[in-house]
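*Asks:* Here you go, structure.cif (mmCIF, C-alpha atoms):
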```cif
data_protein
loop_
_atom_site.label_atom_id
_atom_site.label_comp_id
_atom_site.auth_asym_id
_atom_site.auth_seq_id
_atom_site.Cartn_x
_atom_site.Cartn_y
_atom_site.Cartn_z
CA MET A 492 -16.84 -4.50 3.91
CA THR A 493 -18.04 -1.36 5.71
CA LYS A 494 -17.32 -3.10 9.00
CA VAL A 495 -13.75 -3.88 7.97
CA PHE A 496 -13.30 -0.29 6.74
CA LEU A 497 -14.53 1.21 10.02
CA SER A 498 -12.55 -1.25 12.12
CA LEU A 499 -9.37 -0.48 10.19
CA LEU A 500 -9.99 3.25 10.53
CA TYR A 501 -10.52 2.89 14.27
CA PHE A 502 -7.42 0.80 14.89
CA GLU A 503 -5.25 2.96 12.61
CA LEU A 504 -6.28 6.08 14.50
CA LEU A 505 -5.71 4.29 17.80
CA LEU A 506 -2.20 3.38 16.61
CA PHE A 507 -1.51 6.99 15.58
CA TYR A 508 -2.77 8.13 18.97
CA ARG A 509 -0.49 5.69 20.81
CA ASP A 510 2.52 6.46 18.60
CA LYS A 511 2.37 10.21 18.38
CA ARG A 512 5.45 10.65 16.20
CA THR A 513 3.50 10.87 12.93
CA PHE A 514 1.49 13.91 13.68
CA LEU A 515 3.71 15.64 16.26
CA HIS A 516 6.76 15.64 13.99
CA ALA A 517 4.77 16.82 11.00
CA LEU A 518 3.02 19.50 13.03
CA ALA A 519 6.22 20.82 14.61
CA PHE A 520 7.95 20.83 11.23
CA PHE A 521 5.04 22.71 9.66
CA LEU A 522 5.08 25.41 12.32
CA ILE A 523 8.86 25.83 12.28
CA VAL A 524 9.18 25.99 8.48
CA ALA A 525 6.36 28.52 8.28
CA LEU A 526 7.98 30.62 11.00
CA LEU A 527 11.37 30.59 9.24
CA PHE A 528 10.02 32.69 6.37
CA PRO A 529 9.16 35.81 8.40
CA ILE A 530 12.60 35.60 10.00
CA ALA A 531 14.40 35.04 6.70
CA LEU A 532 12.42 37.37 4.43
CA SER A 533 11.18 40.44 6.23
CA PRO A 534 8.96 41.26 9.17
CA PHE A 535 6.85 43.83 7.26
CA PRO A 536 3.16 43.00 7.68
CA GLU A 537 2.11 43.88 4.12
CA LEU A 538 4.86 41.71 2.58
CA LEU A 539 4.14 38.78 4.91
CA ARG A 540 0.46 39.05 4.12
CA LYS A 541 1.30 38.87 0.43
CA PHE A 542 3.61 35.86 0.83
CA ALA A 543 1.44 34.05 3.41
CA PRO A 544 -0.42 31.75 0.98
CA GLY A 545 2.82 30.46 -0.51
CA ILE A 546 4.55 30.12 2.86
CA VAL A 547 1.78 28.10 4.48
CA TRP A 548 1.20 25.86 1.47
CA VAL A 549 4.89 25.09 0.93
CA ALA A 550 5.25 24.33 4.64
CA ALA A 551 2.21 22.03 4.48
CA LEU A 552 3.62 20.23 1.44
CA LEU A 553 7.02 19.72 3.07
CA SER A 554 5.57 18.46 6.33
CA THR A 555 3.34 16.05 4.39
CA LEU A 556 6.49 14.76 2.76
CA LEU A 557 8.03 14.28 6.20
CA ALA A 558 4.94 12.49 7.54
CA LEU A 559 4.94 10.12 4.57
CA GLU A 560 8.07 8.51 5.98
CA ASN A 561 5.71 6.76 8.39
CA TRP A 562 3.31 5.51 5.71
CA LEU A 563 3.11 1.69 6.04
CA ARG A 564 6.48 1.70 7.83
CA SER A 565 5.31 -0.18 10.91
CA ASP A 566 3.16 -2.55 8.83
CA LEU A 567 6.23 -3.48 6.84
CA GLU A 568 8.37 -3.92 9.95
CA ASP A 569 6.06 -6.28 11.81
CA GLN A 570 4.65 -7.97 8.68
CA ALA A 571 1.13 -6.91 9.52
CA LEU A 572 1.10 -6.00 5.83
CA GLU A 573 0.78 -9.70 4.99
CA GLN A 574 -2.40 -9.92 7.03
CA LEU A 575 -3.75 -6.84 5.24
CA LEU A 576 -2.98 -8.41 1.86
CA LEU A 577 -4.84 -11.54 2.95
CA SER A 578 -7.83 -9.65 4.27
CA THR A 579 -11.25 -10.63 3.01
CA CYS A 580 -12.16 -7.18 1.85
CA PRO A 581 -10.66 -5.74 -1.35
CA LEU A 582 -7.15 -4.41 -0.83
CA SER A 583 -8.07 -1.01 -2.28
CA THR A 584 -10.69 -0.59 0.47
CA VAL A 585 -8.11 -1.48 3.10
CA VAL A 586 -5.74 1.08 1.58
CA ALA A 587 -8.48 3.74 1.41
CA ALA A 588 -9.15 3.30 5.14
CA LYS A 589 -5.43 3.63 5.86
CA ILE A 590 -5.10 6.80 3.74
CA LEU A 591 -8.09 8.36 5.44
CA ALA A 592 -6.64 7.58 8.87
CA PHE A 593 -3.28 8.90 7.74
CA TRP A 594 -4.83 12.14 6.55
CA LEU A 595 -6.74 12.55 9.81
CA ALA A 596 -3.57 11.97 11.83
CA SER A 597 -1.05 13.95 9.79
CA ALA A 598 -2.84 16.69 7.84
CA LEU A 599 -5.79 17.60 10.05
CA PRO A 600 -3.53 18.84 12.91
CA LEU A 601 -1.84 21.19 10.41
CA ILE A 602 -5.16 22.66 9.39
CA VAL A 603 -6.16 23.12 13.02
CA ALA A 604 -2.85 24.92 13.67
CA THR A 605 -3.21 27.20 10.65
CA PRO A 606 -5.03 30.07 12.46
CA LEU A 607 -1.95 30.48 14.65
CA LEU A 608 0.25 30.92 11.58
CA GLY A 609 -2.38 33.16 10.00
CA LEU A 610 -2.16 35.54 12.94
CA LEU A 611 1.63 35.58 12.81
CA LEU A 612 1.52 36.32 9.08
CA HIS A 613 -0.98 39.16 9.58
CA LEU A 614 -3.90 37.54 7.77
CA SER A 615 -7.45 38.69 8.49
CA GLY A 616 -10.03 36.34 9.96
CA LYS A 617 -11.74 35.75 6.65
CA GLU A 618 -8.43 35.05 4.92
CA ILE A 619 -7.51 32.53 7.61
CA LEU A 620 -10.80 30.74 7.06
CA ILE A 621 -10.23 30.59 3.30
CA LEU A 622 -6.67 29.35 3.83
CA MET A 623 -8.01 26.59 6.08
CA ALA A 624 -10.69 25.69 3.55
CA SER A 625 -8.08 25.47 0.78
CA LEU A 626 -5.88 23.21 2.93
CA LEU A 627 -8.88 21.12 3.91
CA SER A 628 -9.82 20.51 0.29
CA GLY A 629 -6.27 20.19 -1.05
CA THR A 630 -4.32 18.11 1.50
CA PRO A 631 -6.24 14.85 0.90
CA ALA A 632 -4.96 14.91 -2.68
CA LEU A 633 -1.42 15.61 -1.44
CA ILE A 634 -1.63 12.66 0.95
CA ALA A 635 -3.10 10.33 -1.69
CA ILE A 636 -0.40 11.19 -4.26
CA GLY A 637 2.31 11.01 -1.61
CA ALA A 638 1.10 7.63 -0.33
CA THR A 639 1.15 6.26 -3.87
CA CYS A 640 4.75 7.39 -4.38
CA LYS A 641 5.79 6.13 -0.96
CA THR A 642 4.29 2.71 -1.69
CA LEU A 643 6.31 2.52 -4.91
CA THR A 644 9.52 3.20 -2.97
CA LEU A 645 8.52 1.07 0.03
CA GLN A 646 11.14 -1.61 -0.42
CA LEU A 647 14.01 0.90 -0.66
CA GLN A 648 16.10 1.50 2.43
CA GLN A 649 16.72 5.23 1.99
CA SER A 650 13.74 6.50 0.06
CA GLY A 651 13.70 10.07 1.45
CA ALA A 652 15.36 11.94 -1.44
CA LEU A 653 13.74 9.85 -4.15
CA LEU A 654 10.36 10.33 -2.52
CA GLY A 655 10.82 14.10 -2.67
CA LEU A 656 11.77 13.91 -6.35
CA LEU A 657 8.63 11.89 -7.07
CA VAL A 658 6.11 13.67 -4.89
CA LEU A 659 7.00 17.36 -5.27
CA PRO A 660 6.54 17.69 -9.07
CA LEU A 661 3.31 15.69 -8.94
CA CYS A 662 1.93 17.94 -6.23
CA LEU A 663 2.75 21.16 -8.07
CA PRO A 664 -0.74 21.68 -9.61
CA ILE A 665 -2.38 21.28 -6.21
CA LEU A 666 0.14 23.64 -4.64
CA LEU A 667 -0.48 26.32 -7.29
CA MET A 668 -4.23 25.96 -7.03
CA GLY A 669 -4.09 26.11 -3.23
CA ILE A 670 -1.91 29.21 -3.17
CA ASN A 671 -4.03 30.83 -5.84
CA THR A 672 -7.15 30.40 -3.73
CA LEU A 673 -5.99 32.72 -0.97
CA MET A 674 -4.40 35.16 -3.44
CA GLN A 675 -7.74 35.52 -5.18
CA ALA A 676 -9.44 36.05 -1.84
CA GLN A 677 -6.94 38.80 -1.03
CA LEU A 678 -7.92 40.49 -4.32
CA SER A 679 -11.63 40.05 -3.40
CA LEU A 680 -12.18 37.61 -6.26
CA PRO A 681 -14.43 34.54 -5.92
CA VAL A 682 -12.71 31.42 -4.55
CA LEU A 683 -15.44 28.78 -4.69
CA GLY A 684 -14.33 27.55 -8.11
CA ASN A 685 -10.81 26.92 -6.83
CA LEU A 686 -12.06 25.15 -3.73
CA ALA A 687 -14.38 22.98 -5.80
CA PHE A 688 -11.53 22.05 -8.12
CA LEU A 689 -9.23 21.15 -5.20
CA SER A 690 -11.99 19.08 -3.56
CA GLY A 691 -12.59 17.35 -6.86
CA LEU A 692 -8.91 16.43 -7.15
CA SER A 693 -8.96 15.14 -3.59
CA LEU A 694 -12.04 13.04 -4.19
CA ILE A 695 -10.62 11.56 -7.38
CA GLY A 696 -7.35 10.87 -5.57
CA PHE A 697 -9.13 9.15 -2.70
CA ALA A 698 -11.30 7.12 -5.03
CA LEU A 699 -8.75 5.98 -7.61
CA LEU A 700 -5.27 6.05 -6.10
CA PRO A 701 -6.02 3.28 -3.54
CA ILE A 702 -6.43 0.96 -6.53
CA ALA A 703 -2.95 1.94 -7.76
CA ILE A 704 -1.52 1.53 -4.26
CA ALA A 705 -3.12 -1.91 -3.94
CA CYS A 706 -1.45 -3.00 -7.21
CA ALA A 707 1.87 -1.55 -6.08
CA LEU A 708 1.63 -3.47 -2.80
CA ARG A 709 0.96 -6.78 -4.54
CA TRP A 710 3.89 -6.22 -6.87
CA GLY A 711 6.03 -5.15 -3.94
CA MET A 712 5.58 -8.59 -2.36
CA GLU A 713 7.18 -10.21 -5.40
CA ILE A 714 10.49 -8.38 -5.02
CA MET B 778 -19.03 -28.00 -2.09
CA ASN B 779 -15.82 -29.87 -2.52
CA ILE B 780 -13.34 -28.44 -0.03
CA GLU B 781 -9.93 -29.18 -1.40
CA LEU B 782 -6.74 -27.43 -2.30
CA LYS B 783 -5.27 -28.49 -5.58
CA THR B 784 -2.32 -27.35 -7.61
CA SER B 785 -1.32 -28.31 -11.10
CA GLN B 786 2.13 -27.83 -12.55
CA LEU B 787 2.82 -25.08 -10.05
CA SER B 788 6.25 -23.52 -10.56
CA TYR B 789 7.94 -20.54 -9.04
CA SER B 790 11.23 -18.95 -9.88
CA ARG B 791 12.85 -15.71 -8.85
CA HIS B 792 16.06 -14.04 -9.96
CA ASN B 793 16.40 -16.64 -12.73
CA GLN B 794 16.46 -19.40 -10.13
CA VAL B 795 13.86 -22.12 -10.04
CA ILE B 796 12.55 -22.48 -6.48
CA PHE B 797 10.15 -25.33 -7.24
CA GLN B 798 8.78 -26.80 -10.41
CA ASP B 799 5.71 -28.70 -11.61
CA LEU B 800 4.25 -29.20 -8.17
CA GLU B 801 1.17 -31.41 -8.21
CA LEU B 802 -0.63 -31.35 -4.92
CA VAL B 803 -4.05 -32.34 -3.64
CA LEU B 804 -5.02 -31.66 -0.07
CA THR B 805 -8.42 -32.80 1.18
CA PRO B 806 -10.19 -32.17 4.53
CA GLY B 807 -8.45 -33.84 7.44
CA GLN B 808 -5.11 -33.89 5.67
CA GLY B 809 -1.94 -32.12 6.65
CA LEU B 810 1.11 -31.33 4.60
CA TRP B 811 4.50 -30.93 6.20
CA VAL B 812 6.91 -28.99 4.01
CA SER B 813 10.40 -29.80 5.17
CA GLY B 814 13.83 -28.96 3.91
CA PRO B 815 17.00 -27.12 4.93
CA ASN B 816 17.27 -23.32 5.13
CA GLY B 817 17.10 -21.79 1.68
CA SER B 818 15.20 -24.66 0.12
CA GLY B 819 12.22 -22.46 -0.68
CA LYS B 820 9.76 -23.48 2.05
CA THR B 821 8.65 -19.95 2.70
CA SER B 822 8.30 -19.16 -1.02
CA LEU B 823 6.15 -22.25 -1.51
CA LEU B 824 3.89 -21.30 1.39
CA ARG B 825 3.60 -17.74 0.16
CA VAL B 826 2.65 -18.95 -3.31
CA LEU B 827 0.07 -21.28 -1.79
CA ALA B 828 -1.34 -18.41 0.27
CA GLY B 829 -1.58 -16.18 -2.79
CA LEU B 830 0.95 -13.64 -1.53
CA LEU B 831 3.28 -14.45 -4.41
CA SER B 832 2.00 -15.32 -7.84
CA ALA B 833 3.23 -18.55 -9.34
CA THR B 834 5.41 -18.29 -12.44
CA THR B 835 3.40 -21.02 -14.14
CA GLY B 836 0.66 -23.41 -13.10
CA LYS B 837 -2.55 -22.92 -11.22
CA LEU B 838 -3.98 -23.18 -7.74
CA TRP B 839 -7.54 -24.26 -7.08
CA TRP B 840 -9.53 -23.91 -3.89
CA LYS B 841 -12.97 -25.53 -3.74
CA GLY B 842 -12.72 -26.12 -7.46
CA GLN B 843 -12.20 -22.45 -8.29
CA ALA B 844 -8.97 -20.98 -9.58
CA LEU B 845 -7.32 -18.62 -7.07
CA SER B 846 -6.76 -15.91 -9.67
CA GLU B 847 -10.51 -15.64 -10.18
CA ASN B 848 -11.63 -15.90 -6.63
CA ARG B 849 -9.01 -14.39 -4.38
CA LEU B 850 -11.29 -12.92 -1.71
CA ALA B 851 -13.27 -16.15 -1.27
CA TYR B 852 -9.96 -17.96 -0.77
CA HIS B 853 -8.84 -15.44 1.84
CA GLN B 854 -12.14 -15.99 3.62
CA ASP B 855 -11.11 -19.60 4.26
CA LEU B 856 -7.41 -19.08 4.85
CA HIS B 857 -5.24 -18.39 7.87
CA PHE B 858 -1.66 -17.56 7.00
CA LEU B 859 0.96 -17.20 9.69
CA GLY B 860 4.26 -15.83 8.40
CA HIS B 861 7.63 -16.18 10.05
CA LEU B 862 7.15 -12.79 11.72
CA PRO B 863 4.13 -12.68 14.03
CA GLY B 864 2.51 -9.58 12.45
CA ILE B 865 1.53 -8.24 15.85
CA LYS B 866 0.94 -4.52 16.35
CA ASN B 867 3.21 -3.46 19.21
CA LYS B 868 1.14 -0.45 20.15
CA LEU B 869 -2.11 -2.37 20.46
CA SER B 870 -3.04 -4.41 23.51
CA LEU B 871 -3.39 -8.19 23.19
CA ALA B 872 -7.18 -8.08 23.14
CA GLU B 873 -7.12 -5.26 20.57
CA ASN B 874 -4.71 -7.19 18.37
CA LEU B 875 -7.04 -10.18 18.31
CA LYS B 876 -10.12 -8.04 17.79
CA PHE B 877 -8.37 -6.34 14.86
CA SER B 878 -7.43 -9.61 13.23
CA GLN B 879 -10.95 -10.92 13.82
CA ASP B 880 -12.41 -7.90 12.02
CA LEU B 881 -9.90 -8.20 9.20
CA ALA B 882 -10.41 -11.94 8.81
CA GLY B 883 -14.14 -11.54 8.21
CA SER B 884 -14.71 -15.18 9.00
CA THR B 885 -18.16 -16.54 8.26
CA ALA B 886 -18.10 -18.95 11.20
CA PRO B 887 -19.12 -17.46 14.56
CA PRO B 888 -16.03 -16.01 16.24
CA GLU B 889 -14.61 -17.55 19.40
CA PRO B 890 -14.37 -15.27 22.42
CA ILE B 891 -10.98 -13.57 22.60
CA GLU B 892 -10.64 -14.36 26.32
CA THR B 893 -10.88 -18.12 25.74
CA ALA B 894 -8.11 -18.05 23.15
CA LEU B 895 -5.86 -15.93 25.38
CA ASP B 896 -6.56 -18.17 28.35
CA GLN B 897 -5.61 -21.30 26.42
CA LEU B 898 -2.26 -19.77 25.58
CA SER B 899 -1.79 -18.50 29.16
CA LEU B 900 -1.81 -14.90 28.00
CA LEU B 901 -5.04 -13.87 29.71
CA LYS B 902 -3.32 -11.93 32.48
CA TYR B 903 -1.66 -9.67 29.87
CA LYS B 904 -4.94 -9.07 28.06
CA ASP B 905 -4.90 -5.28 28.34
CA LYS B 906 -1.13 -4.84 28.17
CA LEU B 907 0.49 -3.51 25.02
CA ALA B 908 1.96 -6.22 22.82
CA GLU B 909 5.38 -4.52 22.87
CA GLN B 910 5.79 -5.74 26.46
CA LEU B 911 5.64 -9.39 25.40
CA SER B 912 8.63 -11.62 24.75
CA ALA B 913 9.27 -13.10 21.30
CA GLY B 914 7.71 -16.41 22.33
CA GLN B 915 4.66 -14.74 23.83
CA LYS B 916 4.18 -12.73 20.63
CA ARG B 917 4.30 -15.98 18.72
CA ARG B 918 1.62 -17.39 21.01
CA LEU B 919 -0.50 -14.31 20.42
CA ALA B 920 -0.12 -14.79 16.66
CA LEU B 921 -1.25 -18.40 17.06
CA ALA B 922 -4.27 -17.25 19.06
CA ARG B 923 -5.54 -15.72 15.79
CA LEU B 924 -6.17 -19.21 14.47
CA TRP B 925 -8.81 -19.70 17.16
CA VAL B 926 -10.53 -16.35 17.35
CA SER B 927 -11.72 -16.64 13.76
CA PRO B 928 -12.23 -20.29 12.71
CA LYS B 929 -11.21 -21.03 9.12
CA PRO B 930 -10.71 -24.36 7.33
CA LEU B 931 -7.25 -23.88 5.81
CA TRP B 932 -4.19 -23.09 7.90
CA ILE B 933 -0.86 -22.25 6.31
CA LEU B 934 1.79 -21.96 8.99
CA ASP B 935 5.37 -20.93 8.34
CA GLU B 936 7.72 -22.27 11.05
CA PRO B 937 5.04 -22.19 13.78
CA PHE B 938 7.38 -23.68 16.39
CA THR B 939 9.97 -20.89 16.33
CA ASN B 940 10.55 -19.27 19.74
CA LEU B 941 8.00 -21.52 21.44
CA ASP B 942 8.74 -23.51 24.60
CA THR B 943 7.98 -27.25 24.76
CA GLU B 944 4.64 -26.73 26.43
CA ALA B 945 3.45 -24.32 23.74
CA GLN B 946 4.81 -26.58 20.99
CA GLN B 947 2.80 -29.49 22.33
CA TRP B 948 -0.23 -27.31 22.63
CA ILE B 949 -0.02 -26.17 19.00
CA CYS B 950 0.48 -29.78 17.87
CA GLN B 951 -2.65 -30.81 19.74
CA SER B 952 -4.53 -27.96 18.17
CA ILE B 953 -3.35 -28.92 14.70
CA GLU B 954 -4.50 -32.50 15.29
CA GLN B 955 -7.83 -31.30 16.56
CA HIS B 956 -8.19 -29.06 13.52
CA LEU B 957 -7.47 -32.02 11.22
CA GLN B 958 -10.03 -34.14 13.07
CA ASN B 959 -12.56 -31.37 12.49
CA GLN B 960 -11.94 -31.76 8.77
CA GLY B 961 -9.60 -28.81 8.54
CA LEU B 962 -6.56 -28.59 6.28
CA VAL B 963 -3.08 -27.71 7.48
CA ILE B 964 0.06 -26.86 5.56
CA LEU B 965 3.07 -26.20 7.72
CA ALA B 966 6.71 -25.57 6.99
CA SER B 967 9.26 -26.60 9.55
CA HIS B 968 12.87 -27.70 9.37
CA GLN B 969 12.51 -29.60 12.63
CA ASN B 970 10.47 -32.62 13.66
CA PHE B 971 7.46 -31.89 15.78
CA PRO B 972 5.67 -34.02 18.36
CA ILE B 973 2.52 -34.81 16.43
CA GLN B 974 0.75 -37.98 17.66
CA ASP B 975 -1.13 -39.09 14.61
CA GLN B 976 1.50 -39.07 11.86
CA THR B 977 -0.82 -40.80 9.37
CA ARG B 978 -2.71 -37.62 8.68
CA PHE B 979 0.47 -35.84 7.65
CA ARG B 980 2.24 -36.15 4.37
CA CYS B 981 5.78 -34.91 4.00
CA LEU B 982 7.02 -32.80 1.12
CA ALA B 983 10.79 -32.53 1.31
CA LEU B 984 12.25 -29.67 -0.69
CA PRO B 985 15.85 -30.11 -1.83
CA LEU B 986 18.43 -27.39 -1.33
CA GLN B 987 18.60 -24.99 -4.25
CA GLU B 988 21.33 -25.50 -6.79
CA GLU B 989 23.83 -22.81 -7.66
CA ILE B 990 22.44 -19.83 -9.52
CA HIS B 991 22.75 -20.10 -13.28
CA ASP B 992 22.54 -16.88 -15.26
#
```
Would you mind writing the file out in structure tokens?

*Replies:*
Amino acid sequence: MTKVFLSLLYFELLLFYRDKRTFLHALAFFLIVALLFPIALSPFPELLRKFAPGIVWVAALLSTLLALENWLRSDLEDQALEQLLLSTCPLSTVVAAKILAFWLASALPLIVATPLLGLLLHLSGKEILILMASLLSGTPALIAIGATCKTLTLQLQQSGALLGLLVLPLCLPILLMGINTLMQAQLSLPVLGNLAFLSGLSLIGFALLPIAIACALRWGMEI
Amino acid sequence: MNIELKTSQLSYSRHNQVIFQDLELVLTPGQGLWVSGPNGSGKTSLLRVLAGLLSATTGKLWWKGQALSENRLAYHQDLHFLGHLPGIKNKLSLAENLKFSQDLAGSTAPPEPIETALDQLSLLKYKDKLAEQLSAGQKRRLALARLWVSPKPLWILDEPFTNLDTEAQQWICQSIEQHLQNQGLVILASHQNFPIQDQTRFRCLALPLQEEIHD
């Protein structure tokens, strides 16, 4: 089972590397959305610093939503999904490997690019680190929830708007907690509790949502 | 252990339409089943139910004396299913595609070398090329190569002859016969006749065309 998990992870990442759309589109979208706010709101450093947590987190959420368009898309197109459903290891393990690869390919680049945005939004070095830590512990949960919703709408032709309606409300608690982390840091309050809570949500999401996705996939074959 | 595929009163219906009903089937080692019938007669649905991709409306499916619903993963361990689309990853090379399916198949039998399988299907010279560069027929060949890289007793093949040239068709027929001689089981759906030498091993299950939909 571990061998299948690692092999899936390797080949998924190889596929993401060969087809760079997933992470390049999400990354470019993330940077552009985050840069729109300083232009639209105001260029004053103190205001930007105050709004920075919200700006970066909303941009991360929206670009996750954009990246989710690619979730299982190619597997559905070439029917590799059938082979995954017939694999000898439990479907939830297969799905967990795919979510992990998806997170590595679509969310990790955003986190790596965050210092750049932090500088543009006048955050200090410590604040940038805390922002990155909050994204690191919160985005896996975003991806897991998003992947579950995307799987439910997999058979629909135009699922974009519906996906947004499903994913955004469900991700609200994570968004608030993530934004709150940096705000607390800016007020010199402790942030470890927040980070632990976000990591906990991510771990629960990664452990339990693959089971839901596996069920959704099996039902999806019946339609 | 008794290797056999058995169904009892297997029925499947979708959208209020009965696709097949009360199917009683026993397939033992060395036996093949040819599911024939015109387009829309439910060949693919039957194969997908037999592979466990769709769940039957009523009835049960047994493999090695165990019900599929209770022992899905053990069934998958023994099963090769080839759908009407090849299920090839375009952005992986041929060798990578086969390696991937080998890993996923988790076959207990020792795996065949990938090169041998590619060579048999005259694909060896494209080994490190991306699968997107292949033609439809070559992709089909690559999908068939999966059957060899991880040996499994039960093959369920949906229209395996689509897009294949005569040479490849003959080759797959020979392989099916060899598999049956090695006490394998084959279920294949095809609307056309195929050049199999030893017809005695094959039984034919002709599905009738579906009637009009009744609400």

*Asks:* Enumerate, as a PyMOL selection string, the residues matched when the PyMOL selection byres ((chain A) within 12 of (chain B)) is run on the file above.

*Replies:* chain A and resi 492-511+564-582+584-585+708-714

*Asks:* Could you check which of B:Val803, B:Gly814, B:Leu823, B:Tyr903 is closest to B:Leu934, using only C-alpha atoms?

*Replies:*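 With only C-alpha atoms as the atom set, the closest residue is B:Leu823.
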
*Asks:* I'd like the residues picked by the PyMOL selection byres ((chain B and resi 979) around 9) written out as a list in words, using the chain letters and numbers from the file.

*Replies:*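 On this input, the PyMOL selection byres ((chain B and resi 979) around 9) captures Gln808, Gly809, Leu810, Trp811, Val963, Asp975, Gln976, Thr977, Arg978, Arg980 and Cys981 of chain B.
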
*Asks:* For each of B:Pro937, B:Gly819, B:Pro890, B:Pro806, take the minimum atom-to-atom distance to B:Ile780, counting only C-alpha atoms, then give the residue where this is smallest.

*Replies:*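 Closest residue, counting only C-alpha atoms: B:Pro806.
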
*Asks:* Can you pull out every residue within 12 Å of A:Phe528, counting only C-alpha atoms, but drop anything in the same chain fewer than 3 positions away, and send it as JSON, numbers by chain?

*Replies:* {"A": [521, 522, 523, 524, 525, 531, 532, 533, 534, 535, 538, 539, 540, 542, 543, 544, 545, 546, 547, 549, 550, 608, 611, 612]}

*Asks:* List the neighbours of stretch 512-517 of chain A out to 10 Å using all atoms listed in the file; skip same-chain residues closer than 5 positions along the sequence, and give me the result as a ChimeraX atom specification.

*Replies:* /A:507,522-523,550-551,553-562,593-601

*Asks:* For atom CA of B:Gln955 and atom CA of B:Lys902, quote the distance in Å rounded to one decimal.

*Replies:*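 Straight-line distance from atom CA of B:Gln955 to atom CA of B:Lys902 works out to 25.5 Å.
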
*Asks:* At what distance in Å, to one decimal, does atom CA of A:Ser583 lie from atom CA of A:Ile634?

*Replies:*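 If I compute the distance from atom CA of A:Ile634 to atom CA of A:Ser583, I get 15.5 Å.
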
*Asks:* Write stretch 590-603 of chain A as an mmCIF file, in the frame of the given file, completed to N, CA and C atoms.

*Replies:*
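Once written, result_4.cif looks like this:
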```cif
data_model
loop_
_atom_site.group_PDB
_atom_site.id
_atom_site.type_symbol
_atom_site.label_atom_id
_atom_site.label_comp_id
_atom_site.auth_asym_id
_atom_site.auth_seq_id
_atom_site.Cartn_x
_atom_site.Cartn_y
_atom_site.Cartn_z
ATOM 1 N N ILE A 590 -5.404 5.426 4.183
ATOM 2 C CA ILE A 590 -5.100 6.800 3.740
ATOM 3 C C ILE A 590 -5.937 7.797 4.522
ATOM 4 N N LEU A 591 -7.200 7.449 4.712
ATOM 5 C CA LEU A 591 -8.090 8.360 5.440
ATOM 6 C C LEU A 591 -7.563 8.569 6.861
ATOM 7 N N ALA A 592 -7.176 7.475 7.516
ATOM 8 C CA ALA A 592 -6.640 7.580 8.870
ATOM 9 C C ALA A 592 -5.357 8.401 8.866
ATOM 10 N N PHE A 593 -4.547 8.187 7.845
ATOM 11 C CA PHE A 593 -3.280 8.900 7.740
ATOM 12 C C PHE A 593 -3.518 10.397 7.566
ATOM 13 N N TRP A 594 -4.506 10.729 6.749
ATOM 14 C CA TRP A 594 -4.830 12.140 6.550
ATOM 15 C C TRP A 594 -5.326 12.756 7.856
ATOM 16 N N LEU A 595 -6.205 12.035 8.553
ATOM 17 C CA LEU A 595 -6.740 12.550 9.810
ATOM 18 C C LEU A 595 -5.626 12.773 10.826
ATOM 19 N N ALA A 596 -4.625 11.888 10.818
ATOM 20 C CA ALA A 596 -3.570 11.970 11.830
ATOM 21 C C ALA A 596 -2.476 12.953 11.441
ATOM 22 N N SER A 597 -2.195 13.116 10.153
ATOM 23 C CA SER A 597 -1.050 13.950 9.790
ATOM 24 C C SER A 597 -1.428 15.303 9.213
ATOM 25 N N ALA A 598 -2.521 15.411 8.481
ATOM 26 C CA ALA A 598 -2.840 16.690 7.840
ATOM 27 C C ALA A 598 -3.839 17.516 8.638
ATOM 28 N N LEU A 599 -4.769 16.846 9.303
ATOM 29 C CA LEU A 599 -5.790 17.600 10.050
ATOM 30 C C LEU A 599 -5.172 18.480 11.149
ATOM 31 N N PRO A 600 -4.169 17.965 11.900
ATOM 32 C CA PRO A 600 -3.530 18.840 12.910
ATOM 33 C C PRO A 600 -2.947 20.109 12.293
ATOM 34 N N LEU A 601 -2.399 20.012 11.064
ATOM 35 C CA LEU A 601 -1.840 21.190 10.410
ATOM 36 C C LEU A 601 -2.925 22.230 10.172
ATOM 37 N N ILE A 602 -4.075 21.733 9.713
ATOM 38 C CA ILE A 602 -5.160 22.660 9.390
ATOM 39 C C ILE A 602 -5.659 23.337 10.663
ATOM 40 N N VAL A 603 -5.708 22.552 11.746
ATOM 41 C CA VAL A 603 -6.160 23.120 13.020
ATOM 42 C C VAL A 603 -5.166 24.167 13.502
#
```
